[in-house]
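Contents: one structure, followed by commentary.
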Amino acid sequence: MLDKLNLEHILFLDIETVPEHADFEDLSPTKQKLFADKTDYQRKEDYSPKEYYERAGIWAEFGKIVCISVGYFNFKGNERKFRTTSFYGEEADLLKRFKLIVENYFSLPHHLMCGHNAKEFDFPYIARRMLIRGIALPSQLQLFGKKPWEIPHLDTLELWKFGDYKHYTSLKLLTELFNIPSPKDDIDGSQVRDVFYKEKDLDRIVTYCEKDVIAVAQLILKLRQEELLEDHELISV
């Protein structure tokens with residue numbers, strides 16, 4: 001049961017992604033054709049592949065990760081802290097640094113990784129980009145041959161579904177329902193591409209990503225019917 005989990009055993013995370021290149025024309029002719037084929041069903045006749053390319057960041061085959069933020073609880077007596085840190089910059093480097101923290105601190109059987117819609121997006125996206133970059137997967141992302149209960153992943157969207165697999169609820173809606181300070185008070189995911197390529201403001205993306213991680217941790221607390229984290233309990237390192 002959720003309330004039996006040791007919060008210190010959970011690595012909370014969120015990723016921010018953008019198209020691999022700033023413009024559709026930067027793709028090779030072969031990859032332009034592959035992108036057109038990949039998105040044909042979604043685009044239909046409403047958008048050309050070039051017009052649709054601004055959304056390419058949602059596919060690991062055509063996007064890249066520009067930030068991974070993580071957070072974890074730390075308890076000392078009655079004192080509770082939640083520490084966040086972020087890996088950003090060149091993709092291969094940030095993936096290697098993320099892998100190190102997973103392998104060094106969250107690789108034992110009782111450890112879990114947690115995100116919102118992370119089983120559908122964050123976890124597979126990280127794994128695919130690691131393999132594309134030639135990085136061996138940490139054990140926490142190696143799922144082949146594992147039984148469902150052996151997979152060390154926790155997803156707040158799945159927890160909220162209560163078995164209703166057709167039901168999607170955004171993190172923004174859940175934070176509103178539970179009176180959790182919203183992580184969407186500056187930008188949202190649809191704006192990350194422009195902030196990265198046009199504004200070139202990576203710091204703004206990192207701040208947004210860390211807020212999402214905090215929101216997921218807050219949601220877990222609410223689902224456990226525990227008190228929300230207060231500002232003095234949050235530490236960014």
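By convention in this document, the chains of the structure tokens carry letters A, B, ... by their order, each chain's residues are numbered from 1, and ligands are numbered from 1 in the order they are shown.
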Neighbour list for range 132-145 of chain A as a ChimeraX atom specification, cut-off 12 Å, only C-alpha atoms, skip fewer than 2 positions in-chain: /A:10-11,60-65,90-114,118-119,122-130,147-154
Who sits within 12 Å of Lys172 in chain A, only C-alpha atoms, same chain under 5 positions skipped, as a PyMOL selection string: chain A and resi 116+157+177-185+187-189+211-212+215-216+219
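Checking A:Met1, A:Val237, A:Ile205, A:Leu223 one by one against Val192 in chain A, counting only C-alpha atoms, you find the shortest gap at A:Ile205.
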Closest of A:Leu131, A:Ile220, A:Leu234, A:Ala22 to Glu158 in chain A - atom-to-atom distances counting only C-alpha atoms: A:Ile220
All strand (DSSP E or B) residues (DSSP, backbone) inside range 30-219 of chain A, as a PDB file with N, CA, C and O atoms, in the first residue's frame:
```pdb
ATOM      1  N   GLY A  63      13.259  13.720 -30.943  1.00  0.00           N
ATOM      2  CA  GLY A  63      13.473  14.759 -29.949  1.00  0.00           C
ATOM      3  C   GLY A  63      14.723  14.498 -29.137  1.00  0.00           C
ATOM      4  O   GLY A  63      15.504  13.594 -29.440  1.00  0.00           O
ATOM      5  N   LYS A  64      14.904  15.286 -28.098  1.00  0.00           N
ATOM      6  CA  LYS A  64      16.020  15.086 -27.179  1.00  0.00           C
ATOM      7  C   LYS A  64      15.645  15.660 -25.821  1.00  0.00           C
ATOM      8  O   LYS A  64      14.745  16.499 -25.709  1.00  0.00           O
ATOM      9  N   ILE A  65      16.334  15.191 -24.801  1.00  0.00           N
ATOM     10  CA  ILE A  65      16.110  15.677 -23.439  1.00  0.00           C
ATOM     11  C   ILE A  65      17.044  16.849 -23.168  1.00  0.00           C
ATOM     12  O   ILE A  65      18.247  16.765 -23.424  1.00  0.00           O
ATOM     13  N   VAL A  66      16.493  17.944 -22.654  1.00  0.00           N
ATOM     14  CA  VAL A  66      17.326  19.101 -22.316  1.00  0.00           C
ATOM     15  C   VAL A  66      17.447  19.286 -20.810  1.00  0.00           C
ATOM     16  O   VAL A  66      18.293  20.042 -20.340  1.00  0.00           O
ATOM     17  N   CYS A  67      16.597  18.588 -20.040  1.00  0.00           N
ATOM     18  CA  CYS A  67      16.690  18.677 -18.587  1.00  0.00           C
ATOM     19  C   CYS A  67      16.043  17.453 -17.948  1.00  0.00           C
ATOM     20  O   CYS A  67      14.966  17.026 -18.379  1.00  0.00           O
ATOM     21  N   ILE A  68      16.717  16.886 -16.966  1.00  0.00           N
ATOM     22  CA  ILE A  68      16.119  15.896 -16.073  1.00  0.00           C
ATOM     23  C   ILE A  68      16.258  16.452 -14.658  1.00  0.00           C
ATOM     24  O   ILE A  68      17.370  16.719 -14.207  1.00  0.00           O
ATOM     25  N   SER A  69      15.136  16.638 -13.988  1.00  0.00           N
ATOM     26  CA  SER A  69      15.160  17.069 -12.592  1.00  0.00           C
ATOM     27  C   SER A  69      14.747  15.904 -11.701  1.00  0.00           C
ATOM     28  O   SER A  69      13.853  15.127 -12.063  1.00  0.00           O
ATOM     29  N   VAL A  70      15.400  15.775 -10.570  1.00  0.00           N
ATOM     30  CA  VAL A  70      15.078  14.706  -9.631  1.00  0.00           C
ATOM     31  C   VAL A  70      14.894  15.306  -8.238  1.00  0.00           C
ATOM     32  O   VAL A  70      15.377  16.399  -7.943  1.00  0.00           O
ATOM     33  N   GLY A  71      14.191  14.572  -7.399  1.00  0.00           N
ATOM     34  CA  GLY A  71      13.995  14.999  -6.025  1.00  0.00           C
ATOM     35  C   GLY A  71      13.866  13.801  -5.112  1.00  0.00           C
ATOM     36  O   GLY A  71      13.464  12.714  -5.550  1.00  0.00           O
ATOM     37  N   TYR A  72      14.204  13.982  -3.844  1.00  0.00           N
ATOM     38  CA  TYR A  72      14.123  12.872  -2.900  1.00  0.00           C
ATOM     39  C   TYR A  72      13.935  13.420  -1.483  1.00  0.00           C
ATOM     40  O   TYR A  72      14.385  14.521  -1.145  1.00  0.00           O
ATOM     41  N   PHE A  73      13.232  12.631  -0.681  1.00  0.00           N
ATOM     42  CA  PHE A  73      12.979  13.001   0.707  1.00  0.00           C
ATOM     43  C   PHE A  73      14.158  12.599   1.594  1.00  0.00           C
ATOM     44  O   PHE A  73      14.836  11.614   1.343  1.00  0.00           O
ATOM     45  N   ASN A  74      14.336  13.394   2.643  1.00  0.00           N
ATOM     46  CA  ASN A  74      15.328  13.084   3.656  1.00  0.00           C
ATOM     47  C   ASN A  74      14.735  13.424   5.024  1.00  0.00           C
ATOM     48  O   ASN A  74      14.219  14.516   5.227  1.00  0.00           O
ATOM     49  N   PHE A  75      14.775  12.446   5.924  1.00  0.00           N
ATOM     50  CA  PHE A  75      14.214  12.642   7.259  1.00  0.00           C
ATOM     51  C   PHE A  75      15.311  12.515   8.314  1.00  0.00           C
ATOM     52  O   PHE A  75      16.111  11.585   8.284  1.00  0.00           O
ATOM     53  N   LYS A  76      15.328  13.458   9.232  1.00  0.00           N
ATOM     54  CA  LYS A  76      16.209  13.396  10.400  1.00  0.00           C
ATOM     55  C   LYS A  76      15.363  13.704  11.620  1.00  0.00           C
ATOM     56  O   LYS A  76      15.020  14.860  11.883  1.00  0.00           O
ATOM     57  N   GLU A  79      12.424  16.170  11.457  1.00  0.00           N
ATOM     58  CA  GLU A  79      12.704  17.141  10.404  1.00  0.00           C
ATOM     59  C   GLU A  79      12.583  16.476   9.034  1.00  0.00           C
ATOM     60  O   GLU A  79      13.185  15.438   8.777  1.00  0.00           O
ATOM     61  N   ARG A  80      11.818  17.094   8.148  1.00  0.00           N
ATOM     62  CA  ARG A  80      11.590  16.568   6.795  1.00  0.00           C
ATOM     63  C   ARG A  80      12.133  17.552   5.773  1.00  0.00           C
ATOM     64  O   ARG A  80      11.850  18.739   5.829  1.00  0.00           O
ATOM     65  N   LYS A  81      12.919  17.038   4.834  1.00  0.00           N
ATOM     66  CA  LYS A  81      13.431  17.872   3.746  1.00  0.00           C
ATOM     67  C   LYS A  81      13.174  17.173   2.415  1.00  0.00           C
ATOM     68  O   LYS A  81      13.116  15.948   2.343  1.00  0.00           O
ATOM     69  N   PHE A  82      13.019  17.979   1.380  1.00  0.00           N
ATOM     70  CA  PHE A  82      12.899  17.436   0.022  1.00  0.00           C
ATOM     71  C   PHE A  82      13.922  18.154  -0.845  1.00  0.00           C
ATOM     72  O   PHE A  82      13.842  19.363  -1.037  1.00  0.00           O
ATOM     73  N   ARG A  83      14.897  17.415  -1.324  1.00  0.00           N
ATOM     74  CA  ARG A  83      16.004  17.987  -2.093  1.00  0.00           C
ATOM     75  C   ARG A  83      15.795  17.758  -3.583  1.00  0.00           C
ATOM     76  O   ARG A  83      15.451  16.653  -4.001  1.00  0.00           O
ATOM     77  N   THR A  84      16.020  18.783  -4.376  1.00  0.00           N
ATOM     78  CA  THR A  84      15.930  18.655  -5.829  1.00  0.00           C
ATOM     79  C   THR A  84      17.265  19.037  -6.453  1.00  0.00           C
ATOM     80  O   THR A  84      18.019  19.866  -5.920  1.00  0.00           O
ATOM     81  N   THR A  85      17.551  18.401  -7.562  1.00  0.00           N
ATOM     82  CA  THR A  85      18.716  18.770  -8.360  1.00  0.00           C
ATOM     83  C   THR A  85      18.393  18.481  -9.812  1.00  0.00           C
ATOM     84  O   THR A  85      17.493  17.677 -10.112  1.00  0.00           O
ATOM     85  N   SER A  86      19.092  19.129 -10.721  1.00  0.00           N
ATOM     86  CA  SER A  86      18.786  18.999 -12.142  1.00  0.00           C
ATOM     87  C   SER A  86      20.039  18.724 -12.958  1.00  0.00           C
ATOM     88  O   SER A  86      21.133  19.199 -12.633  1.00  0.00           O
ATOM     89  N   PHE A  87      19.833  17.968 -14.018  1.00  0.00           N
ATOM     90  CA  PHE A  87      20.889  17.685 -14.985  1.00  0.00           C
ATOM     91  C   PHE A  87      20.445  18.292 -16.306  1.00  0.00           C
ATOM     92  O   PHE A  87      19.353  17.999 -16.802  1.00  0.00           O
ATOM     93  N   TYR A  88      21.277  19.144 -16.860  1.00  0.00           N
ATOM     94  CA  TYR A  88      20.890  19.852 -18.083  1.00  0.00           C
ATOM     95  C   TYR A  88      22.132  20.148 -18.913  1.00  0.00           C
ATOM     96  O   TYR A  88      23.262  19.988 -18.448  1.00  0.00           O
ATOM     97  N   LEU A 112      12.442   2.983  -5.820  1.00  0.00           N
ATOM     98  CA  LEU A 112      11.471   3.247  -6.875  1.00  0.00           C
ATOM     99  C   LEU A 112      11.798   4.573  -7.556  1.00  0.00           C
ATOM    100  O   LEU A 112      12.376   5.469  -6.951  1.00  0.00           O
ATOM    101  N   MET A 113      11.400   4.686  -8.825  1.00  0.00           N
ATOM    102  CA  MET A 113      11.414   5.971  -9.518  1.00  0.00           C
ATOM    103  C   MET A 113       9.968   6.370  -9.754  1.00  0.00           C
ATOM    104  O   MET A 113       9.139   5.538 -10.119  1.00  0.00           O
ATOM    105  N   CYS A 114       9.670   7.658  -9.559  1.00  0.00           N
ATOM    106  CA  CYS A 114       8.281   8.113  -9.609  1.00  0.00           C
ATOM    107  C   CYS A 114       8.142   9.379 -10.443  1.00  0.00           C
ATOM    108  O   CYS A 114       8.938  10.315 -10.323  1.00  0.00           O
ATOM    109  N   GLY A 115       7.111   9.413 -11.282  1.00  0.00           N
ATOM    110  CA  GLY A 115       6.780  10.605 -12.049  1.00  0.00           C
ATOM    111  C   GLY A 115       5.308  10.577 -12.415  1.00  0.00           C
ATOM    112  O   GLY A 115       4.600   9.611 -12.119  1.00  0.00           O
ATOM    113  N   HIS A 153       8.857   1.131 -10.826  1.00  0.00           N
ATOM    114  CA  HIS A 153       8.346   2.420 -11.275  1.00  0.00           C
ATOM    115  C   HIS A 153       7.006   2.726 -10.610  1.00  0.00           C
ATOM    116  O   HIS A 153       6.140   1.856 -10.497  1.00  0.00           O
ATOM    117  N   LEU A 154       6.856   3.965 -10.197  1.00  0.00           N
ATOM    118  CA  LEU A 154       5.629   4.452  -9.574  1.00  0.00           C
ATOM    119  C   LEU A 154       5.140   5.630 -10.405  1.00  0.00           C
ATOM    120  O   LEU A 154       5.927   6.505 -10.777  1.00  0.00           O
ATOM    121  N   ASP A 155       3.847   5.629 -10.722  1.00  0.00           N
ATOM    122  CA  ASP A 155       3.293   6.654 -11.607  1.00  0.00           C
ATOM    123  C   ASP A 155       2.051   7.257 -10.946  1.00  0.00           C
ATOM    124  O   ASP A 155       1.075   6.548 -10.697  1.00  0.00           O
TER     125      ASP A 155
END
```
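Of note, CA of Pro29 in chain A and CA of Gly57 in chain A are spaced 18.5 Å apart.
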Every residue of range 54-213 of chain A that DSSP places in helix (DSSP H, G or I), as a CSV table (one decimal) with N, CA, C and O atoms, in the first residue's frame:
```csv
chain,number,residue,atom,x,y,z
A,54,GLU,N,7.2,21.2,-34.8
A,54,GLU,CA,7.4,21.9,-33.5
A,54,GLU,C,7.0,20.9,-32.3
A,54,GLU,O,7.3,21.2,-31.2
A,55,ARG,N,6.2,19.9,-32.6
A,55,ARG,CA,5.8,18.9,-31.6
A,55,ARG,C,6.7,17.7,-31.6
A,55,ARG,O,6.4,16.7,-30.8
A,56,ALA,N,7.8,17.7,-32.3
A,56,ALA,CA,8.6,16.5,-32.5
A,56,ALA,C,9.3,16.1,-31.1
A,56,ALA,O,9.7,14.9,-31.0
A,57,GLY,N,9.3,17.0,-30.2
A,57,GLY,CA,10.0,16.6,-28.9
A,57,GLY,C,9.3,15.5,-28.1
A,57,GLY,O,9.8,15.0,-27.2
A,58,ILE,N,8.0,15.2,-28.5
A,58,ILE,CA,7.3,14.2,-27.7
A,58,ILE,C,7.7,12.8,-28.1
A,58,ILE,O,7.4,11.8,-27.5
A,91,GLU,N,23.0,16.5,-24.1
A,91,GLU,CA,22.1,15.4,-23.8
A,91,GLU,C,22.9,14.2,-23.2
A,91,GLU,O,22.6,13.6,-22.2
A,92,ALA,N,23.9,13.8,-23.9
A,92,ALA,CA,24.7,12.6,-23.5
A,92,ALA,C,25.3,12.8,-22.1
A,92,ALA,O,25.2,11.9,-21.3
A,93,ASP,N,25.7,14.0,-21.8
A,93,ASP,CA,26.3,14.3,-20.5
A,93,ASP,C,25.3,14.3,-19.4
A,93,ASP,O,25.5,13.7,-18.4
A,94,LEU,N,24.1,14.9,-19.7
A,94,LEU,CA,23.1,14.9,-18.6
A,94,LEU,C,22.5,13.5,-18.4
A,94,LEU,O,22.2,13.1,-17.2
A,95,LEU,N,22.5,12.7,-19.4
A,95,LEU,CA,22.0,11.3,-19.2
A,95,LEU,C,23.0,10.5,-18.4
A,95,LEU,O,22.6,9.7,-17.5
A,96,LYS,N,24.3,10.7,-18.6
A,96,LYS,CA,25.3,10.0,-17.9
A,96,LYS,C,25.3,10.4,-16.4
A,96,LYS,O,25.4,9.6,-15.5
A,97,ARG,N,25.1,11.7,-16.1
A,97,ARG,CA,25.0,12.2,-14.8
A,97,ARG,C,23.8,11.7,-14.0
A,97,ARG,O,23.8,11.3,-12.9
A,98,PHE,N,22.7,11.6,-14.8
A,98,PHE,CA,21.4,11.0,-14.2
A,98,PHE,C,21.7,9.6,-13.9
A,98,PHE,O,21.2,9.1,-12.8
A,99,LYS,N,22.3,8.9,-14.8
A,99,LYS,CA,22.5,7.4,-14.6
A,99,LYS,C,23.4,7.2,-13.3
A,99,LYS,O,23.1,6.3,-12.5
A,100,LEU,N,24.3,8.1,-13.1
A,100,LEU,CA,25.2,7.9,-11.9
A,100,LEU,C,24.4,8.0,-10.6
A,100,LEU,O,24.6,7.2,-9.7
A,101,ILE,N,23.5,9.0,-10.5
A,101,ILE,CA,22.7,9.1,-9.3
A,101,ILE,C,21.8,8.0,-9.1
A,101,ILE,O,21.6,7.5,-7.9
A,102,VAL,N,21.2,7.4,-10.2
A,102,VAL,CA,20.4,6.2,-10.0
A,102,VAL,C,21.2,5.0,-9.6
A,102,VAL,O,20.8,4.3,-8.6
A,103,GLU,N,22.3,4.8,-10.2
A,103,GLU,CA,23.1,3.6,-9.8
A,103,GLU,C,23.8,3.8,-8.5
A,103,GLU,O,23.9,2.8,-7.8
A,104,ASN,N,24.1,4.9,-8.1
A,104,ASN,CA,24.8,5.1,-6.8
A,104,ASN,C,23.9,5.2,-5.6
A,104,ASN,O,24.2,4.8,-4.5
A,105,TYR,N,22.6,5.6,-5.8
A,105,TYR,CA,21.8,5.9,-4.7
A,105,TYR,C,20.4,5.3,-4.7
A,105,TYR,O,19.7,5.2,-3.7
A,122,ASP,N,8.2,9.6,-19.5
A,122,ASP,CA,9.5,9.8,-19.0
A,122,ASP,C,10.4,8.6,-19.0
A,122,ASP,O,11.6,8.7,-19.5
A,123,PHE,N,10.0,7.5,-18.4
A,123,PHE,CA,10.9,6.3,-18.3
A,123,PHE,C,11.3,5.8,-19.7
A,123,PHE,O,12.4,5.6,-19.9
A,124,PRO,N,10.3,5.5,-20.6
A,124,PRO,CA,10.7,5.0,-21.9
A,124,PRO,C,11.5,6.0,-22.7
A,124,PRO,O,12.4,5.6,-23.5
A,125,TYR,N,11.2,7.3,-22.6
A,125,TYR,CA,11.9,8.3,-23.3
A,125,TYR,C,13.4,8.3,-22.9
A,125,TYR,O,14.3,8.4,-23.7
A,126,ILE,N,13.6,8.3,-21.6
A,126,ILE,CA,15.0,8.3,-21.1
A,126,ILE,C,15.7,7.1,-21.6
A,126,ILE,O,16.9,7.1,-22.0
A,127,ALA,N,15.1,5.9,-21.5
A,127,ALA,CA,15.7,4.7,-21.9
A,127,ALA,C,16.1,4.7,-23.4
A,127,ALA,O,17.2,4.3,-23.8
A,128,ARG,N,15.2,5.2,-24.2
A,128,ARG,CA,15.4,5.2,-25.7
A,128,ARG,C,16.6,6.2,-26.0
A,128,ARG,O,17.4,5.9,-26.8
A,129,ARG,N,16.5,7.4,-25.3
A,129,ARG,CA,17.6,8.3,-25.6
A,129,ARG,C,19.0,7.8,-25.1
A,129,ARG,O,20.0,8.1,-25.8
A,130,MET,N,19.0,7.1,-24.0
A,130,MET,CA,20.2,6.5,-23.6
A,130,MET,C,20.8,5.5,-24.6
A,130,MET,O,22.0,5.6,-24.9
A,131,LEU,N,19.9,4.7,-25.1
A,131,LEU,CA,20.4,3.7,-26.1
A,131,LEU,C,20.8,4.4,-27.4
A,131,LEU,O,21.9,4.0,-28.0
A,132,ILE,N,20.1,5.4,-27.8
A,132,ILE,CA,20.5,6.2,-29.0
A,132,ILE,C,21.9,6.8,-28.8
A,132,ILE,O,22.7,6.9,-29.7
A,139,SER,N,19.9,-0.6,-14.1
A,139,SER,CA,19.0,-1.7,-13.9
A,139,SER,C,17.5,-1.2,-13.7
A,139,SER,O,16.6,-1.9,-14.1
A,140,GLN,N,17.4,0.0,-13.2
A,140,GLN,CA,16.0,0.6,-13.0
A,140,GLN,C,15.2,0.8,-14.2
A,140,GLN,O,14.0,1.0,-14.2
A,141,LEU,N,15.9,0.8,-15.4
A,141,LEU,CA,15.3,1.0,-16.7
A,141,LEU,C,15.3,-0.2,-17.5
A,141,LEU,O,14.8,-0.2,-18.7
A,148,PRO,N,5.3,-7.6,-13.8
A,148,PRO,CA,4.8,-6.2,-13.5
A,148,PRO,C,5.2,-5.7,-12.1
A,148,PRO,O,5.5,-4.6,-11.9
A,149,TRP,N,5.1,-6.6,-11.1
A,149,TRP,CA,5.4,-6.2,-9.8
A,149,TRP,C,6.9,-6.1,-9.5
A,149,TRP,O,7.3,-5.7,-8.4
A,150,GLU,N,7.7,-6.5,-10.4
A,150,GLU,CA,9.2,-6.3,-10.3
A,150,GLU,C,9.7,-5.1,-10.9
A,150,GLU,O,10.9,-4.7,-10.7
A,156,THR,N,2.1,8.6,-10.7
A,156,THR,CA,1.0,9.2,-10.0
A,156,THR,C,-0.3,9.2,-10.9
A,156,THR,O,-1.4,9.2,-10.4
A,157,LEU,N,-0.1,9.2,-12.2
A,157,LEU,CA,-1.3,9.1,-13.1
A,157,LEU,C,-1.9,7.8,-12.9
A,157,LEU,O,-3.2,7.7,-12.8
A,158,GLU,N,-1.1,6.7,-12.9
A,158,GLU,CA,-1.7,5.4,-12.7
A,158,GLU,C,-2.3,5.2,-11.4
A,158,GLU,O,-3.4,4.6,-11.3
A,159,LEU,N,-1.8,5.8,-10.3
A,159,LEU,CA,-2.4,5.7,-9.0
A,159,LEU,C,-3.7,6.4,-9.0
A,159,LEU,O,-4.7,5.9,-8.4
A,160,TRP,N,-3.9,7.5,-9.7
A,160,TRP,CA,-5.1,8.2,-9.8
A,160,TRP,C,-6.2,7.5,-10.7
A,160,TRP,O,-7.4,7.7,-10.5
A,161,LYS,N,-5.7,6.7,-11.6
A,161,LYS,CA,-6.7,6.0,-12.5
A,161,LYS,C,-7.5,5.0,-11.7
A,161,LYS,O,-8.6,4.7,-12.1
A,171,LEU,N,-1.3,16.6,-14.5
A,171,LEU,CA,-0.7,17.0,-13.2
A,171,LEU,C,-1.3,18.4,-12.8
A,171,LEU,O,-1.5,18.6,-11.6
A,172,LYS,N,-1.5,19.2,-13.8
A,172,LYS,CA,-2.0,20.6,-13.5
A,172,LYS,C,-3.4,20.5,-12.8
A,172,LYS,O,-3.7,21.2,-11.8
A,173,LEU,N,-4.3,19.6,-13.4
A,173,LEU,CA,-5.6,19.4,-12.8
A,173,LEU,C,-5.5,18.8,-11.4
A,173,LEU,O,-6.2,19.3,-10.5
A,174,LEU,N,-4.7,17.9,-11.2
A,174,LEU,CA,-4.5,17.2,-9.9
A,174,LEU,C,-4.0,18.2,-8.8
A,174,LEU,O,-4.5,18.2,-7.7
A,175,THR,N,-3.1,19.1,-9.2
A,175,THR,CA,-2.6,20.1,-8.3
A,175,THR,C,-3.7,21.1,-7.9
A,175,THR,O,-3.8,21.5,-6.8
A,176,GLU,N,-4.6,21.4,-8.8
A,176,GLU,CA,-5.7,22.2,-8.6
A,176,GLU,C,-6.7,21.5,-7.6
A,176,GLU,O,-7.2,22.2,-6.7
A,177,LEU,N,-7.0,20.3,-7.9
A,177,LEU,CA,-7.9,19.5,-7.0
A,177,LEU,C,-7.5,19.4,-5.6
A,177,LEU,O,-8.3,19.5,-4.7
A,189,GLY,N,4.5,22.7,-20.9
A,189,GLY,CA,5.2,21.8,-21.8
A,189,GLY,C,5.2,22.3,-23.3
A,189,GLY,O,6.2,22.1,-24.0
A,190,SER,N,4.1,22.9,-23.7
A,190,SER,CA,4.0,23.3,-25.1
A,190,SER,C,4.9,24.5,-25.4
A,190,SER,O,5.2,24.7,-26.6
A,191,GLN,N,5.4,25.2,-24.4
A,191,GLN,CA,6.3,26.3,-24.6
A,191,GLN,C,7.8,26.0,-24.5
A,191,GLN,O,8.6,26.9,-24.8
A,192,VAL,N,8.1,24.9,-24.1
A,192,VAL,CA,9.5,24.5,-23.8
A,192,VAL,C,10.4,24.7,-25.0
A,192,VAL,O,11.5,25.2,-25.0
A,193,ARG,N,9.9,24.2,-26.2
A,193,ARG,CA,10.6,24.3,-27.4
A,193,ARG,C,11.0,25.8,-27.7
A,193,ARG,O,12.2,26.1,-28.0
A,194,ASP,N,10.1,26.7,-27.6
A,194,ASP,CA,10.4,28.1,-27.9
A,194,ASP,C,11.3,28.7,-26.9
A,194,ASP,O,12.2,29.5,-27.2
A,195,VAL,N,11.1,28.4,-25.6
A,195,VAL,CA,12.0,28.9,-24.6
A,195,VAL,C,13.4,28.4,-24.8
A,195,VAL,O,14.4,29.1,-24.6
A,196,PHE,N,13.6,27.2,-25.3
A,196,PHE,CA,14.9,26.6,-25.5
A,196,PHE,C,15.6,27.1,-26.8
A,196,PHE,O,16.7,27.6,-26.8
A,197,TYR,N,14.9,27.1,-27.9
A,197,TYR,CA,15.5,27.5,-29.2
A,197,TYR,C,15.4,29.0,-29.5
A,197,TYR,O,16.3,29.5,-30.1
A,202,LEU,N,17.6,28.3,-20.8
A,202,LEU,CA,17.6,27.0,-20.2
A,202,LEU,C,17.3,27.1,-18.7
A,202,LEU,O,16.7,26.2,-18.2
A,203,ASP,N,17.8,28.1,-18.0
A,203,ASP,CA,17.5,28.2,-16.6
A,203,ASP,C,16.0,28.2,-16.3
A,203,ASP,O,15.5,27.7,-15.3
A,204,ARG,N,15.2,28.9,-17.2
A,204,ARG,CA,13.8,28.9,-17.0
A,204,ARG,C,13.2,27.5,-17.1
A,204,ARG,O,12.3,27.2,-16.4
A,205,ILE,N,13.7,26.7,-18.0
A,205,ILE,CA,13.2,25.4,-18.2
A,205,ILE,C,13.6,24.5,-17.0
A,205,ILE,O,12.8,23.7,-16.5
A,206,VAL,N,14.8,24.7,-16.5
A,206,VAL,CA,15.2,23.9,-15.3
A,206,VAL,C,14.3,24.2,-14.1
A,206,VAL,O,13.9,23.3,-13.4
A,207,THR,N,14.0,25.5,-13.9
A,207,THR,CA,13.1,25.9,-12.8
A,207,THR,C,11.7,25.3,-13.0
A,207,THR,O,11.2,24.7,-12.0
A,208,TYR,N,11.2,25.3,-14.2
A,208,TYR,CA,9.9,24.7,-14.5
A,208,TYR,C,9.9,23.2,-14.2
A,208,TYR,O,9.0,22.6,-13.6
A,209,CYS,N,11.0,22.5,-14.6
A,209,CYS,CA,11.1,21.1,-14.5
A,209,CYS,C,11.2,20.7,-13.0
A,209,CYS,O,10.6,19.7,-12.5
A,210,GLU,N,12.0,21.4,-12.2
A,210,GLU,CA,12.0,21.2,-10.8
A,210,GLU,C,10.7,21.4,-10.1
A,210,GLU,O,10.4,20.6,-9.1
A,211,LYS,N,9.9,22.4,-10.5
A,211,LYS,CA,8.6,22.6,-9.9
A,211,LYS,C,7.7,21.4,-10.2
A,211,LYS,O,6.9,21.0,-9.3
A,212,ASP,N,7.8,20.8,-11.3
A,212,ASP,CA,7.1,19.6,-11.6
A,212,ASP,C,7.4,18.4,-10.7
A,212,ASP,O,6.5,17.7,-10.2
A,213,VAL,N,8.7,18.3,-10.4
A,213,VAL,CA,9.1,17.2,-9.5
A,213,VAL,C,8.6,17.4,-8.1
A,213,VAL,O,8.1,16.5,-7.5
```
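Computed from the coordinates, the CA of Gly163 in chain A to CA of Gln225 in chain A distance equals 20.1 Å.
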